[in-house]
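For reference, protein_37.txt is printed below; it contains compact mmCIF, C-alpha atoms.
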```txt
# COMPACT_ATOMS: atom_id res chain seq x y z
CA MET X 30 98.06 40.15 82.29
CA THR X 31 99.36 36.58 82.63
CA SER X 32 97.43 33.59 83.95
CA ASP X 33 99.65 33.59 87.08
CA ASP X 34 98.68 37.21 87.79
CA ARG X 35 95.00 36.36 87.48
CA GLN X 36 95.44 33.47 89.90
CA ARG X 37 97.12 35.79 92.46
CA GLY X 38 94.35 38.39 92.07
CA LEU X 39 96.61 41.16 90.67
CA GLU X 40 94.91 43.71 88.42
CA GLY X 41 96.15 46.30 85.96
CA PRO X 42 98.90 46.38 83.32
CA PRO X 43 102.28 44.71 83.84
CA PRO X 44 105.01 46.82 85.53
CA GLU X 45 106.75 47.77 82.27
CA GLU X 46 103.51 49.28 80.94
CA ARG X 47 102.59 51.28 84.05
CA PRO X 48 103.14 55.08 83.94
CA SER X 49 105.95 56.36 86.12
CA PRO X 50 106.13 59.84 87.72
CA SER X 51 108.53 62.37 86.20
CA GLY X 52 111.51 63.83 88.01
CA ARG X 53 114.72 62.42 89.30
CA ARG X 54 115.43 61.06 92.77
CA ASN X 55 117.85 62.54 95.28
CA ARG X 56 120.48 60.61 97.22
CA GLN X 57 117.88 59.48 99.75
CA GLY X 58 115.73 58.02 96.98
CA ILE X 59 113.05 60.72 97.32
CA ARG X 60 111.62 61.85 94.00
CA ILE X 61 112.11 65.58 93.31
CA ASP X 62 109.23 67.59 91.89
CA PRO X 63 110.38 68.96 88.48
CA GLU X 64 108.66 72.31 89.16
CA VAL X 65 110.53 72.72 92.45
CA GLU X 66 113.81 71.82 90.80
CA ALA X 67 113.23 74.18 87.85
CA THR X 68 115.57 77.13 87.49
CA HIS X 69 114.04 80.51 88.42
CA GLU X 70 115.46 83.76 87.08
CA PRO X 71 116.45 86.31 89.76
CA ARG X 72 114.47 89.52 89.99
CA ARG X 73 115.05 92.73 91.93
CA THR X 74 112.39 93.72 94.45
CA VAL X 75 111.91 95.93 97.53
CA ILE X 76 110.89 94.46 100.89
CA SER X 77 109.75 96.73 103.72
CA ALA X 78 109.89 95.49 107.32
CA LEU X 79 108.38 97.32 110.28
CA VAL X 80 110.35 96.43 113.42
CA GLU X 81 110.62 97.30 117.08
CA HIS X 82 113.04 100.20 117.52
CA GLU X 83 115.41 98.48 119.92
CA PRO X 84 119.12 97.58 120.07
CA GLY X 85 120.17 94.53 118.08
CA VAL X 86 117.37 94.51 115.49
CA LEU X 87 119.61 95.44 112.57
CA SER X 88 122.16 92.88 113.73
CA ASP X 89 119.46 90.18 113.79
CA VAL X 90 118.30 91.05 110.26
CA SER X 91 121.79 91.30 108.75
CA GLY X 92 122.78 88.08 110.52
CA LEU X 93 119.80 86.31 108.98
CA PHE X 94 120.85 87.34 105.49
CA SER X 95 124.46 86.40 106.14
CA ARG X 96 123.54 82.90 107.35
CA ARG X 97 121.17 82.28 104.45
CA GLN X 98 123.52 83.85 101.88
CA PHE X 99 120.79 85.97 100.33
CA ASN X 100 121.86 88.57 97.78
CA ILE X 101 121.20 92.01 99.31
CA GLU X 102 121.67 95.00 97.03
CA SER X 103 120.99 97.61 99.72
CA LEU X 104 119.63 97.91 103.26
CA THR X 105 118.45 101.11 104.92
CA VAL X 106 116.90 101.66 108.34
CA GLY X 107 115.29 104.72 109.93
CA PRO X 108 112.64 105.92 112.39
CA THR X 109 108.90 106.15 111.65
CA THR X 110 106.07 108.28 113.03
CA ASP X 111 106.09 105.97 116.07
CA GLU X 112 109.27 106.45 118.11
CA ASN X 113 109.10 102.82 119.22
CA ARG X 114 109.23 101.47 115.69
CA ALA X 115 111.67 101.63 112.78
CA ARG X 116 111.42 100.77 109.10
CA ILE X 117 113.96 98.58 107.33
CA THR X 118 113.95 98.75 103.53
CA LEU X 119 115.70 95.94 101.68
CA VAL X 120 116.49 95.72 97.99
CA VAL X 121 117.17 92.10 97.09
CA GLU X 122 117.83 90.25 93.87
CA GLU X 123 116.81 86.60 94.14
CA PRO X 124 114.66 84.03 92.33
CA ASP X 125 111.04 83.90 93.52
CA PRO X 126 111.61 80.96 95.93
CA GLY X 127 114.44 82.94 97.54
CA ILE X 128 112.27 86.06 97.90
CA ASP X 129 109.54 84.00 99.55
CA GLN X 130 112.11 82.57 101.97
CA ILE X 131 113.38 86.05 102.83
CA LYS X 132 109.88 87.17 103.80
CA LYS X 133 109.18 84.00 105.79
CA GLN X 134 112.47 84.16 107.67
CA LEU X 135 112.04 87.87 108.48
CA ARG X 136 108.58 87.22 109.93
CA LYS X 137 110.06 84.65 112.32
CA LEU X 138 112.32 87.25 113.96
CA VAL X 139 110.83 88.40 117.28
CA PRO X 140 111.32 92.20 116.81
CA VAL X 141 109.69 92.14 113.35
CA ILE X 142 106.10 93.44 113.34
CA ALA X 143 105.20 93.29 109.63
CA VAL X 144 106.91 92.36 106.38
CA ARG X 145 105.75 93.30 102.91
CA GLU X 146 107.06 93.11 99.37
CA LEU X 147 106.22 96.42 97.72
CA GLU X 148 104.53 96.74 94.35
CA PRO X 149 106.67 97.72 91.32
CA ASP X 150 105.06 101.19 91.26
CA ALA X 151 106.02 101.97 94.88
CA MET X 152 107.84 105.25 95.50
CA ARG X 153 111.55 104.42 95.61
CA ARG X 154 114.19 107.02 96.34
CA GLU X 155 117.92 107.06 96.94
CA LEU X 156 120.33 109.81 97.91
CA ALA X 157 123.89 110.13 96.61
CA LEU X 158 126.73 112.55 97.25
CA VAL X 159 129.07 112.84 94.26
CA LYS X 160 132.37 114.75 94.38
CA VAL X 161 133.68 115.63 90.92
CA ASP X 162 136.56 117.57 89.46
CA ALA X 163 135.49 121.16 88.74
CA GLU X 164 137.99 122.26 86.11
CA GLU X 165 135.01 122.95 83.81
CA PRO X 166 132.54 124.62 86.23
CA ALA X 167 130.02 125.67 83.60
CA ALA X 168 129.77 122.18 82.13
CA VAL X 169 129.64 120.57 85.58
CA ASN X 170 126.83 122.89 86.68
CA ALA X 171 124.93 122.15 83.47
CA VAL X 172 124.97 118.43 84.30
CA ALA X 173 123.88 119.21 87.87
CA ASP X 174 120.90 121.19 86.54
CA MET X 175 120.03 118.32 84.21
CA TYR X 176 119.59 115.95 87.19
CA ASP X 177 118.21 118.52 89.69
CA ALA X 178 121.34 118.06 91.79
CA THR X 179 122.04 120.42 94.69
CA THR X 180 125.51 121.84 95.29
CA VAL X 181 126.56 121.07 98.87
CA ASP X 182 130.26 121.98 98.62
CA SER X 183 132.54 123.68 96.11
CA SER X 184 136.17 124.67 95.77
CA PRO X 185 138.44 125.69 92.89
CA GLU X 186 139.30 122.02 92.35
CA THR X 187 136.10 120.08 93.19
CA ALA X 188 132.33 120.32 93.50
CA THR X 189 130.10 118.00 95.53
CA PHE X 190 126.48 117.46 94.57
CA GLU X 191 123.52 115.88 96.33
CA ILE X 192 121.26 113.88 94.02
CA THR X 193 117.96 112.27 95.02
CA GLY X 194 115.67 110.08 92.98
CA ALA X 195 115.17 106.58 91.67
CA ARG X 196 118.16 104.28 91.32
CA GLN X 197 118.12 104.68 87.55
CA LYS X 198 118.37 108.48 87.87
CA ILE X 199 121.26 108.23 90.33
CA GLU X 200 123.19 105.86 88.09
CA ALA X 201 122.55 108.01 85.02
CA ALA X 202 123.80 111.12 86.86
CA ILE X 203 126.94 109.31 88.03
CA ALA X 204 127.63 108.09 84.50
CA THR X 205 127.29 111.65 83.14
CA PHE X 206 129.43 113.22 85.87
CA SER X 207 132.14 110.64 85.21
CA ARG X 208 133.20 112.56 82.08
CA PHE X 209 134.69 115.21 84.39
CA GLY X 210 136.33 112.72 86.77
CA ILE X 211 134.65 111.49 89.95
CA ARG X 212 136.73 111.60 93.13
CA GLU X 213 134.28 110.10 95.63
CA ILE X 214 130.74 108.73 95.83
CA SER X 215 128.54 107.96 98.84
CA ARG X 216 125.09 106.40 98.37
CA THR X 217 122.38 105.71 100.93
CA GLY X 218 120.63 102.80 99.27
CA THR X 219 116.92 102.70 98.46
CA THR X 220 114.11 103.69 100.78
CA ALA X 221 110.49 103.23 99.70
CA LEU X 222 106.82 103.76 100.52
CA ALA X 223 103.64 102.37 98.99
CA ARG X 224 101.54 104.79 96.94
CA GLY X 225 98.27 106.45 97.93
CA THR X 226 96.39 105.14 100.97
CA ASP X 227 98.06 101.74 100.70
CA GLU X 228 99.84 101.14 104.01
CA THR X 229 103.50 100.24 103.60
CA ALA X 230 103.83 98.64 107.02
CA ALA X 231 100.95 96.22 106.66
CA PRO X 232 101.26 93.04 104.54
CA SER X 233 98.87 92.59 101.63
CA ALA X 234 95.85 90.31 102.04
CA VAL X 235 97.58 87.47 100.18
CA GLU X 236 100.76 87.81 102.24
CA GLN X 237 98.77 88.07 105.47
CA SER X 238 96.92 84.83 104.67
CA ALA X 239 100.22 83.11 103.90
CA ASP X 240 101.71 84.46 107.13
CA GLU X 241 98.79 83.12 109.17
CA ALA X 242 99.12 79.74 107.46
CA ASN X 243 102.83 79.64 108.30
CA ARG X 244 102.17 80.50 111.95
CA THR X 245 99.50 77.78 112.17
CA ALA X 246 101.90 75.24 110.66
CA ASP X 247 104.64 76.27 113.11
CA GLN X 248 102.23 75.90 116.06
CA GLN X 249 101.12 72.46 114.89
CA TYR X 250 104.74 71.41 114.45
CA THR X 251 105.61 72.64 117.95
CA ALA X 252 102.56 70.87 119.45
CA THR X 253 103.63 67.63 117.75
CA ASP X 254 107.14 67.95 119.18
CA ASP X 255 105.71 68.45 122.68
```

Please express what this file holds, its structure, as structure tokens.
Amino acid sequence: MTSDDRQRGLEGPPPEERPSPSGRRNRQGIRIDPEVEATHEPRRTVISALVEHEPGVLSDVSGLFSRRQFNIESLTVGPTTDENRARITLVVEEPDPGIDQIKKQLRKLVPVIAVRELEPDAMRRELALVKVDAEEPAAVNAVADMYDATTVDSSPETATFEITGARQKIEAAIATFSRFGIREISRTGTTALARGTDETAAPSAVEQSADEANRTADQQYTATDD
């Protein structure tokens, strides 16, 4: 510290010796947190949304994903035990910040009742119809038996099988059937339920707390605007 600094009452080390925060600045001069800027590897996960069974819900959800450019692997929707509600099952592949944003944005949609990311051990099933050439019927049927496939149509030229199971099983069956020549494939996408007494429709305690915090923040923001 110089004598001039002491006379002006300034304390501490000179500017060149002071520690500076890490991270670069954006165009507005705001410093970016290195952890926020860090690259996150994408991961595949299943998100279940319980929604009001009314016209336009699927359009609202698909529109949200289109606007935000989220990477959707599959989307299925169907009725539940309550005729006034439907379940949407989404398989997405995004980095963790993107997955968090998907859940937050879904919860903001008016028809959405509950949103939950399912655990890795959740029951996940997909259905596929595979039409293959049947020039070798015995070999084709042997593959069908291997994957517990059900014959839903057959002719001298082709055989069509219904296969249900996890995505890995479906893809393995398709790869094996491809040796005979596959003419057509139709897949439903993944649907899923939580295991045991765990309720699929309800968010977990951690997600519920985060949801409540987000709603409180939104209310405070709205009150400030007013």

Top pick for closest residue to Thr217 (chain X), considering X:Met175, X:Leu104, X:Val121, X:Leu135 and counting all atoms listed in the file: X:Leu104

Å distance separating CA of Thr74 (chain X) from CA of Arg154 (chain X), one decimal place: 13.6 Å

Selected residue, from X:Glu46, X:Glu213, X:Glu70, X:Asp150, that lies nearest to Gly127 (chain X) when counting all atoms listed in the file: X:Glu70

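The smallest atom-to-atom distance between Pro108 (chain X) and any of X:Thr220, X:Phe190, X:Arg96, X:Val75, using only C-alpha atoms, is found for X:Thr220.
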
Exercise: Pro149 (chain X) partners within 12 Å, all atoms listed in the file, chain neighbours under 2 positions left out, as a ChimeraX atom specification: /X:72-76,146-147,151-153,221-224

Residues within 12 Å of His69 (chain X), all atoms listed in the file, excluding chain neighbours under 5 positions, as a VMD selection string: chain X and resid 64 122 to 128

Go ahead and save the residues from that selection, with C-alpha atoms, as a short mmCIF file (atom, residue, chain, number, x, y, z; two decimals), in the frame of the given file.
```
data_model
loop_
_atom_site.label_atom_id
_atom_site.label_comp_id
_atom_site.auth_asym_id
_atom_site.auth_seq_id
_atom_site.Cartn_x
_atom_site.Cartn_y
_atom_site.Cartn_z
CA GLU X 64 108.66 72.31 89.16
CA GLU X 122 117.83 90.25 93.87
CA GLU X 123 116.81 86.60 94.14
CA PRO X 124 114.66 84.03 92.33
CA ASP X 125 111.04 83.90 93.52
CA PRO X 126 111.61 80.96 95.93
CA GLY X 127 114.44 82.94 97.54
CA ILE X 128 112.27 86.06 97.90
#
```

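Proximity ranking of X:Ile142, X:Arg196, X:Ala168, X:Val161 relative to Ser183 (chain X) places X:Val161 first, based on all atoms listed in the file.
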
Around all the atoms of region 124-129 of chain X listed in the file, with 3 Å of room on each side, what axis-aligned box do you get, giving centre and edge lengths in Å to one decimal, as JSON?
```
{"center_x": 112.1, "center_y": 83.5, "center_z": 95.9, "size_x": 11.1, "size_y": 11.1, "size_z": 13.2}
```

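Using all atoms listed in the file, the smallest distance between any of X:Glu155, X:Glu112, X:Asn170, X:Ser91 and Ile131 (chain X) comes from X:Ser91.
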
Given all atoms listed in the file as the counted atoms, nearest of X:Ser184, X:Thr105, X:Ser215, X:Ser88 to Ile203 (chain X): X:Ser215

Spatial neighbours of Thr180 (chain X), 12 Å, only C-alpha atoms, chain gap at least 5 places, as a ChimeraX atom specification: /X:157-161,163,166,169-174,187-192

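Here CA of Thr229 (chain X) stands at a distance of 8.8 Å from CA of Ala78 (chain X).
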
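Distance-wise, CA of Ala201 (chain X) and CA of Leu156 (chain X) end up 13.2 Å apart.
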
Contacts of Asp162 (chain X) within 8 Å, all atoms listed in the file, excl. fewer than 5 positions in-chain, as an MDAnalysis selection string: chainID X and resid 186:188 209:212
